[in-house]
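K.L.:
You'll find coords-v6.cif just under this line, and it carries mmCIF, C-alpha atoms and all ligand atoms.
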data_upload
#
loop_
_atom_site.label_atom_id
_atom_site.label_comp_id
_atom_site.auth_asym_id
_atom_site.auth_seq_id
_atom_site.Cartn_x
_atom_site.Cartn_y
_atom_site.Cartn_z
CA MET A 1 -22.51 -10.22 -11.22
CA ILE A 2 -24.36 -10.37 -7.92
CA SER A 3 -26.02 -7.04 -7.05
CA LYS A 4 -24.70 -4.66 -4.42
CA GLU A 5 -28.20 -4.68 -2.85
CA LYS A 6 -27.94 -8.42 -2.26
CA ILE A 7 -24.53 -8.01 -0.62
CA LEU A 8 -25.87 -5.21 1.59
CA GLU A 9 -28.67 -7.55 2.63
CA VAL A 10 -26.14 -10.24 3.55
CA ILE A 11 -24.06 -7.75 5.56
CA GLU A 12 -27.23 -6.52 7.28
CA GLY A 13 -27.81 -10.05 8.55
CA TYR A 14 -24.28 -10.39 9.95
CA ASP A 15 -23.38 -10.29 13.63
CA LYS A 16 -20.99 -7.29 13.43
CA LYS A 17 -19.30 -8.32 16.68
CA LYS A 18 -18.33 -11.70 15.26
CA LEU A 19 -16.92 -10.88 11.85
CA THR A 20 -14.43 -13.19 10.16
CA LEU A 21 -11.80 -12.17 7.63
CA ALA A 22 -11.51 -14.98 5.09
CA THR A 23 -9.11 -15.53 2.24
CA VAL A 24 -7.51 -18.22 0.12
CA CYS A 25 -4.28 -19.46 1.73
CA SER A 26 -1.82 -17.95 -0.71
CA HIS A 27 -0.29 -14.64 -1.87
CA THR A 28 -0.66 -12.32 1.18
CA SER A 29 -2.51 -14.67 3.53
CA LEU A 30 0.25 -14.83 6.17
CA GLN A 31 0.20 -11.06 6.46
CA LEU A 32 -3.62 -10.86 6.39
CA PHE A 33 -4.14 -13.48 9.13
CA TYR A 34 -1.35 -12.11 11.32
CA SER A 35 -2.76 -8.59 11.00
CA ALA A 36 -6.40 -9.52 11.62
CA LYS A 37 -5.32 -11.26 14.83
CA GLN A 38 -3.66 -8.04 15.94
CA GLU A 39 -7.03 -6.33 15.52
CA ASN A 40 -8.79 -9.21 17.32
CA ILE A 41 -10.77 -10.31 14.28
CA ARG A 42 -11.40 -14.00 13.58
CA THR A 43 -9.67 -15.48 10.55
CA LEU A 44 -10.58 -18.22 8.12
CA GLY A 45 -8.23 -19.81 5.58
CA LEU A 46 -9.51 -21.57 2.47
CA VAL A 47 -7.09 -24.36 1.52
CA THR A 48 -6.95 -26.32 -1.68
CA ASN A 49 -4.18 -28.74 -0.70
CA GLU A 50 -2.29 -30.13 2.27
CA ALA A 51 0.96 -28.30 1.44
CA GLN A 52 -0.82 -24.96 1.83
CA ARG A 53 -2.04 -25.88 5.31
CA LYS A 54 1.36 -27.26 6.37
CA MET A 55 3.10 -23.96 5.63
CA TYR A 56 1.36 -22.32 8.59
CA ASP A 57 3.03 -24.77 11.03
CA ALA A 58 6.21 -22.83 10.32
CA PHE A 59 4.46 -19.51 11.00
CA PRO A 60 2.11 -20.10 13.94
CA LEU A 61 1.39 -16.41 14.61
CA ALA A 62 0.00 -16.10 11.10
CA LYS A 63 -2.09 -19.30 11.15
CA PRO A 64 -5.82 -18.73 10.61
CA ASP A 65 -8.21 -19.63 13.41
CA GLU A 66 -9.92 -22.09 11.13
CA PHE A 67 -9.31 -23.82 7.81
CA ILE A 68 -11.93 -24.90 5.31
CA ASP A 69 -10.90 -27.32 2.57
CA VAL A 70 -12.06 -26.41 -0.90
CA GLU A 71 -11.77 -28.52 -4.01
CA ASP A 72 -10.29 -25.58 -5.90
CA SER A 73 -10.22 -21.80 -5.50
CA ASN A 74 -13.06 -21.58 -8.01
CA LYS A 75 -15.49 -23.23 -5.63
CA LEU A 76 -15.75 -21.03 -2.57
CA PRO A 77 -18.10 -22.37 0.14
CA GLU A 78 -20.77 -19.66 0.17
CA ALA A 79 -22.96 -21.00 3.01
CA GLU A 80 -20.05 -21.75 5.35
CA LEU A 81 -18.53 -18.34 4.73
CA ALA A 82 -21.81 -16.49 5.32
CA GLU A 83 -22.55 -18.50 8.50
CA ARG A 84 -19.30 -17.20 9.94
CA ASN A 85 -20.07 -13.56 9.08
CA SER A 86 -17.17 -13.58 6.64
CA ILE A 87 -15.75 -10.78 4.58
CA ILE A 88 -13.50 -12.09 1.82
CA ILE A 89 -10.21 -10.27 1.37
CA PRO A 90 -9.35 -10.50 -2.32
CA HIS A 91 -5.71 -10.92 -3.31
CA GLY A 92 -3.76 -11.73 -6.47
CA SER A 93 -4.35 -15.49 -6.34
CA ILE A 94 -8.09 -14.98 -5.83
CA VAL A 95 -8.30 -12.60 -8.77
CA GLU A 96 -6.31 -15.01 -10.93
CA TYR A 97 -7.91 -18.33 -9.96
CA ALA A 98 -11.31 -17.50 -8.43
CA GLY A 99 -12.10 -14.28 -10.26
CA LYS A 100 -15.22 -15.54 -12.01
CA ALA A 101 -16.47 -17.53 -8.98
CA LEU A 102 -16.29 -14.34 -6.95
CA ASP A 103 -18.62 -12.53 -9.37
CA LYS A 104 -21.66 -14.47 -8.17
CA LEU A 105 -20.72 -15.28 -4.59
CA ALA A 106 -23.26 -13.99 -2.04
CA VAL A 107 -20.55 -13.15 0.48
CA PRO A 108 -19.24 -9.60 0.99
CA VAL A 109 -15.86 -8.91 -0.56
CA LEU A 110 -13.66 -6.11 0.80
CA GLY A 111 -13.56 -3.27 -1.72
CA ASN A 112 -15.62 -3.12 -4.89
CA ARG A 113 -15.82 -6.36 -6.84
CA ASN A 114 -16.44 -4.35 -9.99
CA SER A 115 -12.84 -3.18 -9.74
CA LEU A 116 -11.65 -6.76 -10.10
CA LEU A 117 -13.34 -6.94 -13.52
CA TRP A 118 -11.42 -3.82 -14.54
CA GLU A 119 -8.19 -5.34 -13.26
CA ARG A 120 -8.76 -8.66 -15.07
CA ASP A 121 -9.29 -7.05 -18.47
CA ARG A 122 -6.18 -5.28 -19.80
CA VAL A 123 -8.13 -3.12 -22.25
CA LYS A 124 -10.42 -1.89 -19.47
CA MET A 125 -7.43 -1.32 -17.21
CA PHE A 126 -5.87 0.96 -19.83
CA GLU A 127 -9.16 2.87 -20.07
CA TRP A 128 -9.06 3.29 -16.28
CA MET A 129 -5.47 4.53 -16.33
CA ARG A 130 -6.24 6.86 -19.26
CA THR A 131 -9.27 8.29 -17.43
CA ALA A 132 -6.96 8.94 -14.47
CA GLY A 133 -4.73 10.99 -16.80
CA LEU A 134 -1.64 8.83 -16.24
CA GLU A 135 1.21 8.64 -18.73
CA LEU A 136 1.11 5.17 -20.29
CA PRO A 137 3.33 3.01 -22.51
CA ALA A 138 2.22 3.22 -26.14
CA LEU A 139 0.04 0.29 -27.22
CA ILE A 140 1.42 -0.88 -30.54
CA ASP A 141 -0.33 -2.53 -33.46
CA PRO A 142 1.64 -5.77 -34.15
CA ASP A 143 2.00 -4.78 -37.82
CA LYS A 144 3.68 -1.53 -36.81
CA ILE A 145 6.16 -2.72 -34.20
CA ASP A 146 9.10 -0.34 -34.62
CA ARG A 147 10.73 -0.52 -31.17
CA PRO A 148 11.25 -3.06 -28.36
CA CYS A 149 7.83 -4.13 -27.06
CA VAL A 150 6.54 -6.36 -24.25
CA VAL A 151 3.92 -8.85 -25.35
CA LYS A 152 1.47 -9.86 -22.61
CA HIS A 153 -1.12 -12.60 -22.70
CA ALA A 154 -4.65 -11.66 -21.68
CA GLY A 155 -4.69 -13.71 -18.49
CA ALA A 156 -0.95 -13.92 -17.79
CA LYS A 157 -0.15 -12.75 -14.30
CA GLY A 158 3.06 -12.46 -12.40
CA GLY A 159 4.94 -11.78 -15.62
CA ARG A 160 4.75 -15.41 -16.84
CA GLY A 161 4.96 -15.96 -20.55
CA TYR A 162 5.81 -12.36 -21.47
CA ALA A 163 8.27 -11.82 -24.29
CA ILE A 164 10.14 -8.93 -25.86
CA VAL A 165 9.77 -8.52 -29.61
CA HIS A 166 11.38 -5.99 -31.92
CA SER A 167 9.52 -6.37 -35.23
CA PRO A 168 6.23 -7.60 -36.73
CA GLU A 169 8.08 -10.71 -38.04
CA GLU A 170 9.30 -11.62 -34.57
CA PHE A 171 5.81 -11.00 -33.17
CA TYR A 172 4.04 -13.25 -35.69
CA ALA A 173 6.65 -15.98 -35.32
CA LYS A 174 5.86 -16.18 -31.61
CA PHE A 175 2.30 -14.97 -31.12
CA ALA A 176 0.28 -15.44 -34.34
CA ASN A 177 -3.47 -15.72 -33.54
CA GLN A 178 -3.00 -15.25 -29.80
CA ASP A 179 -4.94 -12.89 -27.56
CA VAL A 180 -2.17 -10.52 -26.47
CA MET A 181 -1.45 -6.87 -25.77
CA VAL A 182 1.70 -5.26 -27.22
CA GLN A 183 3.16 -2.47 -25.12
CA GLU A 184 6.17 -0.31 -25.75
CA TYR A 185 9.03 -1.47 -23.48
CA LEU A 186 9.54 1.25 -20.86
CA ILE A 187 13.06 2.07 -19.71
CA GLY A 188 13.63 3.20 -16.14
CA VAL A 189 13.25 2.23 -12.48
CA ARG A 190 10.22 0.18 -11.43
CA VAL A 191 8.23 1.67 -8.56
CA TYR A 192 5.19 -0.08 -7.08
CA PRO A 193 3.46 2.16 -4.50
CA HIS A 194 0.83 0.64 -2.20
CA PHE A 195 -2.20 2.80 -1.48
CA PHE A 196 -5.22 2.54 0.75
CA TYR A 197 -8.41 4.46 0.03
CA SER A 198 -10.79 5.04 2.92
CA PRO A 199 -14.23 6.51 2.29
CA LEU A 200 -14.74 6.61 6.06
CA SER A 201 -12.81 9.80 6.78
CA LYS A 202 -11.76 12.93 4.93
CA GLU A 203 -8.73 13.57 7.13
CA GLY A 204 -5.31 13.41 5.46
CA TYR A 205 -4.65 13.34 1.70
CA ARG A 206 -8.11 13.98 0.24
CA ALA A 207 -9.33 11.81 -2.62
CA SER A 208 -12.85 11.06 -3.86
CA ASP A 209 -15.20 11.09 -0.91
CA GLY A 210 -12.51 10.27 1.63
CA HIS A 211 -8.71 10.09 1.73
CA ILE A 212 -5.83 7.97 0.47
CA GLU A 213 -2.80 6.75 2.35
CA MET A 214 0.46 5.65 0.77
CA LEU A 215 1.52 2.84 3.07
CA SER A 216 4.66 1.54 1.35
CA ILE A 217 6.53 0.95 -1.91
CA ASP A 218 8.23 -2.13 -3.33
CA ARG A 219 10.00 -3.31 -6.40
CA ARG A 220 9.76 -6.81 -7.70
CA PHE A 221 12.44 -9.37 -8.29
CA GLU A 222 11.76 -11.04 -11.60
CA SER A 223 13.51 -14.00 -13.13
CA ASN A 224 15.69 -13.90 -15.09
CA ILE A 225 15.78 -10.19 -15.95
CA ASP A 226 16.66 -8.92 -12.48
CA GLU A 227 19.81 -11.01 -12.19
CA SER A 228 20.75 -10.61 -15.83
CA TYR A 229 23.84 -8.51 -15.10
CA ARG A 230 25.42 -11.62 -13.52
CA THR A 231 24.44 -13.76 -16.47
CA VAL A 232 25.76 -11.21 -18.96
CA ILE A 233 29.08 -10.86 -17.08
CA ALA A 234 29.34 -14.65 -16.91
CA GLY A 235 28.98 -14.68 -20.71
CA VAL A 236 25.76 -16.72 -20.67
CA PRO A 237 23.24 -15.52 -23.27
CA ILE A 238 19.63 -15.34 -22.04
CA LYS A 239 16.23 -14.31 -23.32
CA PRO A 240 14.71 -11.92 -20.78
CA SER A 241 11.79 -13.27 -18.74
CA PHE A 242 9.65 -11.53 -16.14
CA THR A 243 8.28 -14.19 -13.78
CA VAL A 244 7.87 -12.61 -10.37
CA VAL A 245 9.89 -14.43 -7.72
CA GLY A 246 9.88 -11.98 -4.83
CA ASN A 247 9.90 -8.35 -3.77
CA GLU A 248 12.34 -5.86 -2.34
CA PRO A 249 11.74 -2.57 -0.53
CA LEU A 250 12.10 0.85 -2.10
CA VAL A 251 11.93 4.43 -0.92
CA LEU A 252 11.68 7.29 -3.40
CA ARG A 253 13.42 10.62 -3.68
CA GLU A 254 11.22 12.73 -1.46
CA SER A 255 10.60 15.21 -4.29
CA LEU A 256 8.82 12.45 -6.23
CA LEU A 257 6.27 11.68 -3.54
CA ASN A 258 3.82 14.38 -4.62
CA ASP A 259 3.62 12.92 -8.12
CA VAL A 260 2.96 9.47 -6.73
CA LEU A 261 0.29 10.66 -4.30
CA GLU A 262 -1.45 12.59 -7.06
CA MET A 263 -1.45 9.50 -9.29
CA GLY A 264 -3.01 7.50 -6.44
CA LYS A 265 -5.68 10.16 -6.00
CA ASP A 266 -6.39 10.31 -9.75
CA VAL A 267 -6.72 6.53 -10.03
CA CYS A 268 -9.07 6.54 -7.07
CA GLU A 269 -11.24 9.29 -8.55
CA ALA A 270 -11.27 7.69 -12.00
CA ALA A 271 -12.51 4.47 -10.34
CA ASP A 272 -15.37 6.48 -8.84
CA LYS A 273 -16.38 7.77 -12.25
CA LEU A 274 -16.05 4.47 -14.09
CA PHE A 275 -17.39 1.85 -11.71
CA GLY A 276 -18.24 3.25 -8.29
CA GLY A 277 -14.86 3.50 -6.54
CA ILE A 278 -12.17 1.36 -4.91
CA PRO A 279 -12.40 1.28 -1.12
CA GLY A 280 -9.43 -0.52 0.45
CA PRO A 281 -5.95 -1.25 -0.87
CA PHE A 282 -4.74 -0.78 -4.43
CA CYS A 283 -1.35 -0.54 -6.12
CA LEU A 284 0.14 1.07 -9.18
CA GLU A 285 2.92 -0.39 -11.27
CA LEU A 286 5.09 2.45 -12.48
CA ILE A 287 8.33 3.03 -14.28
CA CYS A 288 10.20 6.26 -13.60
CA ASP A 289 12.46 7.30 -16.47
CA GLU A 290 15.66 9.35 -16.48
CA ASN A 291 13.65 12.60 -16.74
CA LEU A 292 11.80 11.58 -13.56
CA GLN A 293 8.63 11.07 -15.56
CA PHE A 294 6.38 8.26 -14.29
CA TYR A 295 4.62 5.86 -16.64
CA ALA A 296 1.96 3.46 -15.36
CA PHE A 297 1.48 0.05 -16.90
CA GLU A 298 -0.81 -1.71 -14.43
CA ILE A 299 -3.21 -1.23 -11.53
CA SER A 300 -3.89 -3.90 -8.92
CA ALA A 301 -7.28 -3.19 -7.38
CA ARG A 302 -6.53 -5.08 -4.14
CA ILE A 303 -3.67 -5.93 -1.78
CA VAL A 304 -0.42 -6.76 -3.61
CA ALA A 305 2.33 -9.19 -2.63
CA GLY A 306 4.87 -6.36 -2.28
CA THR A 307 3.10 -5.35 0.94
CA ASN A 308 4.38 -8.62 2.47
CA LEU A 309 7.62 -6.74 3.09
CA TYR A 310 5.90 -4.54 5.64
CA PRO A 311 3.65 -6.48 8.05
CA THR A 312 4.78 -4.12 10.79
CA GLY A 313 4.82 -0.96 8.72
CA SER A 314 7.16 0.88 6.38
CA PRO A 315 9.24 4.07 6.34
CA TYR A 316 6.07 5.78 5.07
CA SER A 317 3.38 4.29 7.33
CA LEU A 318 5.60 5.30 10.26
CA PHE A 319 4.94 8.95 9.41
CA ALA A 320 1.18 8.47 9.32
CA PHE A 321 0.48 6.02 12.17
CA ASP A 322 1.59 6.00 15.73
CA GLU A 323 1.78 2.20 15.67
CA PRO A 324 3.00 -0.57 13.34
CA MET A 325 0.69 -0.40 10.31
CA GLY A 326 1.06 -2.54 7.20
CA THR A 327 -1.60 -2.95 4.53
CA GLY A 328 -2.96 -6.14 6.11
CA ARG A 329 -3.47 -4.46 9.43
CA ARG A 330 -4.91 -1.38 7.77
CA ILE A 331 -7.54 -3.61 6.13
CA ALA A 332 -8.48 -5.21 9.45
CA ARG A 333 -8.59 -1.78 11.10
CA GLU A 334 -10.90 -0.43 8.38
CA VAL A 335 -13.28 -3.36 8.81
CA LYS A 336 -13.35 -2.72 12.57
CA LEU A 337 -13.94 1.01 12.13
CA ALA A 338 -16.66 0.48 9.53
CA ALA A 339 -18.42 -2.16 11.66
CA LYS A 340 -18.38 0.16 14.65
CA ALA A 341 -19.79 3.09 12.64
CA ASP A 342 -22.33 0.80 10.91
CA LYS A 343 -20.75 1.64 7.55
CA LEU A 344 -19.61 -1.78 6.32
CA GLY A 345 -21.75 -1.21 3.21
CA LYS A 346 -19.32 1.55 2.21
CA ILE A 347 -16.26 -0.71 2.12
CA VAL A 348 -17.57 -4.03 0.78
CA TYR A 349 -19.32 -5.31 -2.33
P1 LIG B 1 2.80 -7.06 -15.13
O1 LIG B 1 2.22 -8.45 -15.27
O2 LIG B 1 2.12 -6.08 -16.02
O3 LIG B 1 2.82 -6.66 -13.70
O4 LIG B 1 4.31 -7.11 -15.62
C1 LIG B 1 5.27 -7.99 -15.07
C2 LIG B 1 6.63 -7.35 -15.18
O5 LIG B 1 6.96 -7.13 -16.56
C3 LIG B 1 6.70 -5.97 -14.54
O6 LIG B 1 6.95 -6.05 -13.16
C4 LIG B 1 7.85 -5.33 -15.31
O7 LIG B 1 9.10 -5.73 -14.83
C5 LIG B 1 7.69 -5.91 -16.69
N1 LIG B 1 6.90 -5.01 -17.56
C6 LIG B 1 5.56 -5.04 -17.76
N2 LIG B 1 5.18 -4.10 -18.63
C7 LIG B 1 6.29 -3.43 -19.00
C8 LIG B 1 6.57 -2.36 -19.90
N3 LIG B 1 5.60 -1.78 -20.61
N4 LIG B 1 7.85 -1.95 -20.03
C9 LIG B 1 8.85 -2.54 -19.34
N5 LIG B 1 8.66 -3.58 -18.49
C10 LIG B 1 7.40 -4.01 -18.32
#
Since I need it in another form, could you write the structure as structure tokens?
P.N.:
Amino acid sequence: MISKEKILEVIEGYDKKKLTLATVCSHTSLQLFYSAKQENIRTLGLVTNEAQRKMYDAFPLAKPDEFIDVEDSNKLPEAELAERNSIIIPHGSIVEYAGKALDKLAVPVLGNRNSLLWERDRVKMFEWMRTAGLELPALIDPDKIDRPCVVKHAGAKGGRGYAIVHSPEEFYAKFANQDVMVQEYLIGVRVYPHFFYSPLSKEGYRASDGHIEMLSIDRRFESNIDESYRTVIAGVPIKPSFTVVGNEPLVLRESLLNDVLEMGKDVCEAADKLFGGIPGPFCLELICDENLQFYAFEISARIVAGTNLYPTGSPYSLFAFDEPMGTGRRIAREVKLAAKADKLGKIVY
């Protein structure tokens, strides 16, 4: 892993009036480019194929100012990025496909790149959630499976390849000798709140050395489980699958907001203790059961795709900002504020 000192050196050499926000053209890139433009920051899109570039012709207001072709997301062009005073905005596709390449890259990344290591490793992520004091699904030894469990592959993202098993026999028939985690299947409503932690100001909902904002909430649409009622009524038997296809908005009972804000604060403070904090956006994946108890099963230590619902803000950001404010714009705003106050070192690594 490249040292923070080296990244601070790189940032020191940047022209702070000519910063570029760069990301791989996927996941939340439309939102990120659109939002950076609103904050008058230059944008750079890294493309791995022609289809990616073509998509922006349909969405001209969200097209980056410049494209750079890369062979694959694992080979990010360090010199070209640094020349343009770039800050990389990490998102789900970067974590999934360029995670390791990012470890050594001498270009500042928004947030704390240590957090991406904790997100990539499920065992570490559970340690993080435990340190935050969150309620978690039980992790079950395959030999002792006594209830419905979700089996997740180490690297599987976006729900792909997950399966439900009910017994050790079923587990070994499907997953013998595979690197997987077995979690108790949680029953309830999925709630994915989107947070932003700023170490630049202590105004608002205090957390760590700054404050957190809860900018929006989504719920995912996963195939085939989220349409299964139709399939069941149609009499078609299916095996549940959890591949994420899209997202839909959600607002919570107002009386639940305190719990969610406290969980955001606790996750933020646990990150401080374990690996030096998580400036910028992060998201929790929660299930709320019939007793209104929340269980967490995942943290995303960066912008999540559910924020794509809210490029102009949400029913929550409306109560905190006097202007349209989605996560993408909040990121661009933070970069601007930090550059102005000469505090970029606090929000990148
Ligand atoms: P993940 O890759 O952890 O985000 O999980 C993908 C999807 O699988 C989630 O959005 C949930 O719908 C489902 N899921 C994951 N873990 C659990 C769990 N422990 N209990 C119930 N559903 C889960």
K.L.:
Near Phe59 in chain A, counting only C-alpha atoms, which residues have an atom at most 12 Å away, once you skip same-chain residues fewer than 6 positions from it, shown as a list in words?
P.N.:
Ser29, Leu30, Gln31, Phe33, Tyr34, Gln52 and Arg53 of chain A
K.L.:
Could the residues that lie within 6 Å of ligand LIG 1 (chain B), counting only C-alpha atoms and all ligand atoms, be listed as a list in words?
P.N.:
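Using only C-alpha atoms and all ligand atoms, everything at most 6 Å from ligand LIG 1 (chain B) comes to Pro137, Val150, Lys157, Gly158, Gly159, Gln183, Glu184, Tyr185, Leu186, Phe242, Phe297 and Glu298 of chain A.
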K.L.:
Write out as a PyMOL selection string the residues lying within 10 Å of Ala332 in chain A, counting all atoms listed in the file and excluding same-chain residues fewer than 5 positions away.
P.N.:
chain A and resi 20-21+32-33+35-41+89+327+337-338
K.L.:
For those residues, write C-alpha atoms to a file as a PDB file, keeping the file's coordinate frame.
P.N.:
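The new file part_39.pdb reads:
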ATOM      1  CA  THR A  20     -14.430 -13.190  10.160  1.00  0.00           C
ATOM      2  CA  LEU A  21     -11.800 -12.170   7.630  1.00  0.00           C
ATOM      3  CA  LEU A  32      -3.620 -10.860   6.390  1.00  0.00           C
ATOM      4  CA  PHE A  33      -4.140 -13.480   9.130  1.00  0.00           C
ATOM      5  CA  SER A  35      -2.760  -8.590  11.000  1.00  0.00           C
ATOM      6  CA  ALA A  36      -6.400  -9.520  11.620  1.00  0.00           C
ATOM      7  CA  LYS A  37      -5.320 -11.260  14.830  1.00  0.00           C
ATOM      8  CA  GLN A  38      -3.660  -8.040  15.940  1.00  0.00           C
ATOM      9  CA  GLU A  39      -7.030  -6.330  15.520  1.00  0.00           C
ATOM     10  CA  ASN A  40      -8.790  -9.210  17.320  1.00  0.00           C
ATOM     11  CA  ILE A  41     -10.770 -10.310  14.280  1.00  0.00           C
ATOM     12  CA  ILE A  89     -10.210 -10.270   1.370  1.00  0.00           C
ATOM     13  CA  THR A 327      -1.600  -2.950   4.530  1.00  0.00           C
ATOM     14  CA  LEU A 337     -13.940   1.010  12.130  1.00  0.00           C
ATOM     15  CA  ALA A 338     -16.660   0.480   9.530  1.00  0.00           C
TER      16      ALA A 338
END
K.L.:
Find the distance between CA of Pro279 in chain A and CA of Met263 in chain A and write it in Å to one decimal.
P.N.:
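Taking CA of Pro279 in chain A as the start and CA of Met263 in chain A as the end point, the length is 15.9 Å.
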K.L.:
Set the distance at 10 Å and use only C-alpha atoms: which residues neighbour Ser26 in chain A once local chain neighbours fewer than 4 positions away are removed? I'd like the list as a ChimeraX atom specification.
P.N.:
/A:30,45-48,52-53,91-94,305
K.L.:
Counting only C-alpha atoms, find residues at most 12 Å from (-14.8, -1.6, 3.1) (file frame) and give them as a VMD selection string.
P.N.:
chain A and resid 8 11 21 87 to 90 108 to 113 196 to 200 277 to 281 302 330 to 339 341 to 349
K.L.:
What's the separation between CA of Lys265 in chain A and CA of Glu285 in chain A, in Å to one decimal place?
P.N.:
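Going from CA of Lys265 in chain A over to CA of Glu285 in chain A covers 14.6 Å.
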K.L.:
Excluding same-chain residues fewer than 5 positions from range 206-215 of chain A, what lies within 10 Å of it counting all atoms listed in the file, as a PyMOL selection string?
P.N.:
chain A and resi 193-201+257+260-262+264-273+277-283+307+310+313-321+325-327+330
K.L.:
Please list as a list in words every residue within 10 Å of Asp15 in chain A, counting all atoms listed in the file and excluding residues in the same chain fewer than 4 positions away.
P.N.:
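With the cut-off at 10 Å, the set is Ile11, Leu19, Glu83, Arg84, Asn85, Ser86 and Ala339 of chain A.
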K.L.:
With C-alpha atoms retained, export the selected residues as a PDB file, in the coordinates of the input.
P.N.:
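Output below, filename part.pdb:
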ATOM      1  CA  ILE A  11     -24.060  -7.750   5.560  1.00  0.00           C
ATOM      2  CA  LEU A  19     -16.920 -10.880  11.850  1.00  0.00           C
ATOM      3  CA  GLU A  83     -22.550 -18.500   8.500  1.00  0.00           C
ATOM      4  CA  ARG A  84     -19.300 -17.200   9.940  1.00  0.00           C
ATOM      5  CA  ASN A  85     -20.070 -13.560   9.080  1.00  0.00           C
ATOM      6  CA  SER A  86     -17.170 -13.580   6.640  1.00  0.00           C
ATOM      7  CA  ALA A 339     -18.420  -2.160  11.660  1.00  0.00           C
TER       8      ALA A 339
END
K.L.:
For each of A:Arg160, A:Lys17, A:Arg147, A:His153, take the minimum atom-to-atom distance to Pro240 in chain A, counting only C-alpha atoms, then give the residue where this is smallest.
P.N.:
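For Pro240 in chain A, the nearest of the candidates is A:Arg160.
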